[in-house]
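Here is the structure we will look at.
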Amino acid sequence: MGIFTIQSFSQIQDFEKEFSISSYPDEFLPGWYGNEVRATTSRIFQSLGLGRGGSKALAIQPISTFNGVLWIRLNLEANPSKKVVFWARSQQNGAGNRPALVFYSWGKGLDGEFSGKTQLGSNSEFPNVNQDFRRFILEVPEELGSEEEIILRLEVNYGNGTGSAARWLMDDFAFEEFIPDTIAPEIASVKGYSAQELLIRFSEKVDPVFSLLPPAYELEGENPEKIKSQNDSTFILSFGESLTEGKVYSLKITQIPDLDGNILKDTLVNFKFFDPRLFSQKSIVINELMPAPRADQDLPNVEYVELYNPTEKEYRLDSLILSNTRTSTRLENYWLGPEKYLILVPKGQEKNFTAYGEVLGVANWPTLLNSGDQVIMKTDSGLEIDRISFSTSSWGGSEFAGGGYSLEVPDPYLLCTNSEFLKSSKDPKRGTPGVENSVFDPNFQLPELKITSAYFLDSLSFEINFSGPFSNTLALNQIQISPSLNLESLSIEGKKIKVLLAEKALPNQLFQLSINELQDCRGKSISVLGPIELVLPLKPKKGDILLNELLFNPISGDPKFVEIHNRSENYLSLENWALGNLDNQGQVAQVRVFGNRDLVIPPRGFLAITTDQEKLKIRYPKSQSGKFIDLASLPSFPISGGTVVLISSSGEAEENFTYSEELHHPLLRDSKGVSLERVYSGIPVNDPKNWQSASGNEDFATPGRKNSQALDEQAFEESIRIDPPVFDPEGSSGPSFTSIRYQFEDPGWIGTFRIVSSSGQFIYTLCQNAVLGTEGQFVWNGVDSKGARVKPGYYVLLVEMVDLGGKTLVIKKTIVVATRL
């Protein structure tokens, strides 16, 4: 490996042995000298992985202040053929257009004179692009043929142009017995280059004239319309029509000689055509990100994005656009093979990553935000191939987010976005550029796929949200809606689908939505997801949404809650609705928005707003089916009393409810864990008779469902009605009070409402000589005028009224006070 030896007929150097960092007049390899040998990727150095077949090679990087010079000792006595053979190519370095210019000369000794310099090829032989290795042959001058030892001097110069110059690579140098080339060129490979083009590679340099003649190539009876040379052994054949993806073609090549005149006879090559620029979603995967590198780690202090090709097809990347939230840039030409990795880095940083794998520099690098960003890979036609979004939480901890760790994808073969599954690298280097990810796990558990919400964005579009990402293969006919809607198009982003309609949806109409045969991230089909309700809600009018229940003194460890009620017959949007309280100056304060875009309250529906609905459901099990929404925090609602403010989407206070312990039932022994419930939505919110303690028979609170103390609005069908006619003041079997409501066609009545015993003894006065409106109510809690509980039994409501005309009316109705059995 990599040694300089004098054998019977050969002197060979493959550059695999480690270079000694020694410059002329000292050797860096036996018999090899350089004017500035370094361990870094500058001047003259050993290049890793860039030689033939991925081996090591000798590299020279000319710059404006440095031209590389090599001196090579050759023993003529051991090599009568007197020819040097080596392989060389240029590698792109930076964005400049300067070539590397290579010259050679001969001499009898290191310190002696050398012949005039001869250029190897022309000024365009080694441009600043990535070339394939080509073989070069140098013959020893006749005048030196009798010497025992001579010196070959190679000089690599900084060419004309702008910017940086190409890097020059040499591999497999040999000064040995030369066997003349008598072998005809062969077809090394044929593959697609674009939809209408083929790329053909020969095994060696071929004649530059014959290789460009269209009759030399025939694809199933058709000659190419145009032939373009990439280099002396690689050509692009252009045809008039697009080729068929996946079809097996036959290409006939005839009468093409190599540079030594050996002619390729008629050759038929069968190949399967794939367009390397025909991408599909997830055909290239964003497999690893380094948004926040650190200087004190093993990996370079450079951002990088790793791509992976999970398919069996090779792709050309020069039609891809890499972008983040602020910058977009096109990738340069690169062929990414099946199951291969590619490290993308800012232009000029390639040398820092050559030890880790294949690297491609990207001009106008889209710098990633450490706190969160997204990386998108699209074709120049706009097809999104892959997207990853990340935030500081993606690392799973602050020590990783700020510790120079990369974010890795656990399974690049998933058919959906990997944003949800990113993990901090577990590799000791804190990243795995160019190789399999340290968190790779093709069997990790995916979340159960469910529809979490569906809501209209406007009358012509709606959105469906899921519990996790899914395959991007969904079609419109897989979305089932009843009654039917005319769907026009859909788009998928992460865990949601946006659907556009061909005609406007009717508001306030309930639809049932389900999805058939949706594929999860591994391609497994789910027969049916849903159904879920979808409705285009109306905007609430004044008085449609009311405060309905409040728990301000919960049992220790339980959350408080506020319940609202939709008293209308419409589906109403609660977007941007909020709760607040009043500060010491009586101003609305501590506003907490609870209404998001998809929050809709159904007709006559209820919604409990809390900080932990699961705890509420455990404490109040009869409310398991109630409707809840969680907030991070509620406004302050002190146990001693305060005011709840309900705020509409316009920012106006819909209702202010001032509460206190005094509103609870007078016979309630302990109000902890007992909510206050609104009795009737038609009575003003701050009427103290309109709030009662929740019934013990209903768990002492009814969050998210109908109140235990609510009265039926149909009760006003009679002029005076008692509801319920039988009640237990302790609430053992229903309401702990009775409501006496009245409704008259005409105003102007003056009335006295009393409770008397069955024997006519006075018990309690509800009102005396009160001016009655057309409707109203009174509440009796089963206590007498001294506040003591009455005995169980029959009682009479005695109503005495007189109108403005002097007409009198006396009404008696029976009330039964019950007791706990």
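The chains in the structure tokens are called A, B, ... from first to last as shown; in each chain the residues are counted from 1, and the ligands are counted from 1 in the order shown.
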All helix (DSSP H, G or I) positions in segment 642-782 of chain A, as a PyMOL selection string: chain A and resi 661-663+688-690+696-698+713-717
Using only C-alpha atoms, which residues sit within 9 Å of segment 97-105 of chain A once same-chain residues fewer than 4 positions away are excluded, as a PyMOL selection string? chain A and resi 61-62+90+114-129+151-168
How about saving the chosen residues, N, CA and C atoms kept, as a compact mmCIF listing (two decimals), in the first residue's frame?
```
# COMPACT_ATOMS: atom_id res chain seq x y z
N GLN A 61 -3.93 22.10 -4.47
CA GLN A 61 -4.86 23.22 -4.57
C GLN A 61 -4.08 24.50 -4.87
N PRO A 62 -4.05 24.92 -6.16
CA PRO A 62 -3.38 26.18 -6.48
C PRO A 62 -4.22 27.37 -6.03
N SER A 90 -10.04 17.05 -12.25
CA SER A 90 -10.21 18.25 -11.42
C SER A 90 -11.44 18.07 -10.54
N PHE A 114 15.96 21.57 -15.82
CA PHE A 114 14.82 20.81 -16.37
C PHE A 114 14.51 21.33 -17.76
N SER A 115 13.94 20.45 -18.54
CA SER A 115 13.55 20.83 -19.90
C SER A 115 12.43 21.86 -19.84
N GLY A 116 12.15 22.47 -20.99
CA GLY A 116 11.05 23.42 -21.04
C GLY A 116 9.72 22.78 -20.64
N LYS A 117 8.86 23.58 -20.00
CA LYS A 117 7.58 23.05 -19.51
C LYS A 117 6.63 22.75 -20.68
N THR A 118 5.97 21.60 -20.57
CA THR A 118 4.96 21.21 -21.54
C THR A 118 3.62 21.12 -20.81
N GLN A 119 2.57 21.74 -21.41
CA GLN A 119 1.26 21.71 -20.73
C GLN A 119 0.57 20.37 -20.95
N LEU A 120 -0.05 19.87 -19.90
CA LEU A 120 -0.83 18.64 -19.98
C LEU A 120 -2.22 19.00 -20.47
N GLY A 121 -2.47 18.73 -21.76
CA GLY A 121 -3.72 19.14 -22.37
C GLY A 121 -3.73 20.61 -22.65
N SER A 122 -4.90 21.24 -22.57
CA SER A 122 -5.05 22.66 -22.85
C SER A 122 -5.48 23.38 -21.58
N ASN A 123 -5.75 24.70 -21.71
CA ASN A 123 -6.19 25.46 -20.54
C ASN A 123 -7.55 24.97 -20.00
N SER A 124 -8.31 24.28 -20.83
CA SER A 124 -9.63 23.79 -20.40
C SER A 124 -9.60 22.32 -19.98
N GLU A 125 -8.39 21.74 -19.87
CA GLU A 125 -8.30 20.32 -19.53
C GLU A 125 -8.81 20.05 -18.10
N PHE A 126 -8.53 20.98 -17.18
CA PHE A 126 -8.92 20.78 -15.78
C PHE A 126 -9.69 22.00 -15.26
N PRO A 127 -10.92 22.20 -15.75
CA PRO A 127 -11.73 23.35 -15.31
C PRO A 127 -12.22 23.15 -13.87
N ASN A 128 -12.78 24.21 -13.31
CA ASN A 128 -13.27 24.16 -11.91
C ASN A 128 -14.64 23.48 -11.85
N VAL A 129 -14.65 22.20 -12.20
CA VAL A 129 -15.85 21.36 -12.13
C VAL A 129 -15.44 19.99 -11.63
N ILE A 151 14.27 12.71 -13.18
CA ILE A 151 13.24 13.37 -12.34
C ILE A 151 12.12 13.88 -13.24
N LEU A 152 10.90 13.53 -12.89
CA LEU A 152 9.72 14.12 -13.53
C LEU A 152 9.22 15.25 -12.63
N ARG A 153 9.14 16.44 -13.21
CA ARG A 153 8.65 17.60 -12.44
C ARG A 153 7.25 17.97 -12.94
N LEU A 154 6.26 18.01 -12.01
CA LEU A 154 4.89 18.43 -12.33
C LEU A 154 4.58 19.73 -11.60
N GLU A 155 4.03 20.68 -12.32
CA GLU A 155 3.68 21.97 -11.73
C GLU A 155 2.20 22.25 -12.00
N VAL A 156 1.44 22.57 -10.93
CA VAL A 156 0.00 22.85 -11.04
C VAL A 156 -0.20 24.32 -10.71
N ASN A 157 -0.64 25.07 -11.72
CA ASN A 157 -0.71 26.53 -11.61
C ASN A 157 -2.15 27.02 -11.45
N TYR A 158 -2.24 28.25 -10.96
CA TYR A 158 -3.51 28.98 -10.75
C TYR A 158 -3.89 29.62 -12.07
N GLY A 159 -4.99 29.14 -12.71
CA GLY A 159 -5.34 29.60 -14.04
C GLY A 159 -6.03 30.95 -14.06
N ASN A 160 -6.26 31.44 -15.25
CA ASN A 160 -6.92 32.73 -15.45
C ASN A 160 -8.43 32.59 -15.24
N GLY A 161 -9.05 33.70 -14.87
CA GLY A 161 -10.49 33.71 -14.65
C GLY A 161 -10.84 34.53 -13.43
N THR A 162 -11.93 34.20 -12.79
CA THR A 162 -12.36 34.91 -11.58
C THR A 162 -12.59 33.91 -10.46
N GLY A 163 -12.37 34.37 -9.23
CA GLY A 163 -12.66 33.53 -8.07
C GLY A 163 -11.63 32.44 -7.87
N SER A 164 -12.09 31.33 -7.30
CA SER A 164 -11.20 30.24 -6.95
C SER A 164 -10.86 29.37 -8.16
N ALA A 165 -9.79 28.57 -7.99
CA ALA A 165 -9.34 27.66 -9.06
C ALA A 165 -9.65 26.23 -8.68
N ALA A 166 -9.70 25.38 -9.69
CA ALA A 166 -9.99 23.95 -9.48
C ALA A 166 -8.90 23.29 -8.64
N ARG A 167 -9.28 22.24 -7.96
CA ARG A 167 -8.34 21.38 -7.25
C ARG A 167 -7.95 20.25 -8.19
N TRP A 168 -6.67 19.88 -8.20
CA TRP A 168 -6.18 18.83 -9.11
C TRP A 168 -5.88 17.57 -8.31
```
DSSP says strand (DSSP E or B) for which residues of segment 664-746 of chain A? Put them as an mmCIF file with C-alpha atoms, in the first residue's frame?
```
data_model
loop_
_atom_site.group_PDB
_atom_site.id
_atom_site.type_symbol
_atom_site.label_atom_id
_atom_site.label_comp_id
_atom_site.auth_asym_id
_atom_site.auth_seq_id
_atom_site.Cartn_x
_atom_site.Cartn_y
_atom_site.Cartn_z
ATOM 1 C CA LEU A 676 -73.307 27.957 41.051
ATOM 2 C CA GLU A 677 -75.776 27.267 38.245
ATOM 3 C CA ARG A 678 -77.885 29.734 36.320
ATOM 4 C CA TRP A 691 -78.322 31.420 40.639
ATOM 5 C CA GLN A 692 -78.514 28.305 42.757
ATOM 6 C CA SER A 693 -76.160 25.683 44.122
ATOM 7 C CA ILE A 720 -98.228 31.395 37.217
ATOM 8 C CA ARG A 721 -96.393 28.146 37.469
ATOM 9 C CA ILE A 722 -94.510 26.306 40.197
ATOM 10 C CA ASP A 723 -91.546 24.219 39.051
ATOM 11 C CA VAL A 726 -92.271 18.961 44.952
ATOM 12 C CA PHE A 727 -88.731 19.649 46.152
ATOM 13 C CA THR A 738 -88.828 25.716 43.758
ATOM 14 C CA SER A 739 -89.332 28.509 41.267
ATOM 15 C CA ILE A 740 -92.529 30.554 41.074
ATOM 16 C CA ARG A 741 -92.746 32.158 37.683
ATOM 17 C CA TYR A 742 -95.372 34.370 36.187
ATOM 18 C CA GLN A 743 -96.194 35.588 32.699
#
```
For Asn686 of chain A, please output as a PyMOL selection string all residues within 12 Å (counting only C-alpha atoms; exclusion window: fewer than 3 positions along the same chain). chain A and resi 546-548+643-645+655-660+663+678-683+689-691
List the spatial neighbours of Leu534 of chain A as a ChimeraX atom specification - criterion: any atom at most 10 Å away, only C-alpha atoms, same-chain residues fewer than 3 positions off excluded. /A:453-456,462-464,481-482,508-513,531,537,598,600
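Considering only C-alpha atoms, the residue among A:Pro257, A:Gly530, A:Gly357, A:Pro724 positioned nearest to Gly54 of chain A is A:Gly357.
Of the listed residues (A:Val779, A:Val771, A:Val84, A:Met801), A:Val84 comes nearest to Ala174 of chain A; the distances count only C-alpha atoms.
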Can you build me a table of segment 655-723 of chain A residues sitting at most 9 Å from segment 558-567 of chain A, with the closest atom pair per residue and its distance in Å to one decimal, using only C-alpha atoms, sorted by chain and residue number, as JSON lines?
```
{"residue": "A:Gly673", "atom": "CA", "partner": "A:Asp558", "partner_atom": "CA", "distance": 8.5}
{"residue": "A:Ser675", "atom": "CA", "partner": "A:Phe561", "partner_atom": "CA", "distance": 8.9}
{"residue": "A:Ser681", "atom": "CA", "partner": "A:Arg567", "partner_atom": "CA", "distance": 7.4}
{"residue": "A:Pro703", "atom": "CA", "partner": "A:Glu563", "partner_atom": "CA", "distance": 6.4}
{"residue": "A:Gly704", "atom": "CA", "partner": "A:Glu563", "partner_atom": "CA", "distance": 6.7}
{"residue": "A:Arg705", "atom": "CA", "partner": "A:Glu563", "partner_atom": "CA", "distance": 8.8}
{"residue": "A:Lys706", "atom": "CA", "partner": "A:His565", "partner_atom": "CA", "distance": 8.8}
```
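The interatomic distance for the pair atom CA of Gly595 of chain A and atom CA of Leu550 of chain A works out to 18.0 Å.
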Close residues, Leu766 of chain A itself excluded, 8 Å, only C-alpha atoms, min 5 positions apart in chain, as a ChimeraX atom specification: /A:752-755,778-780
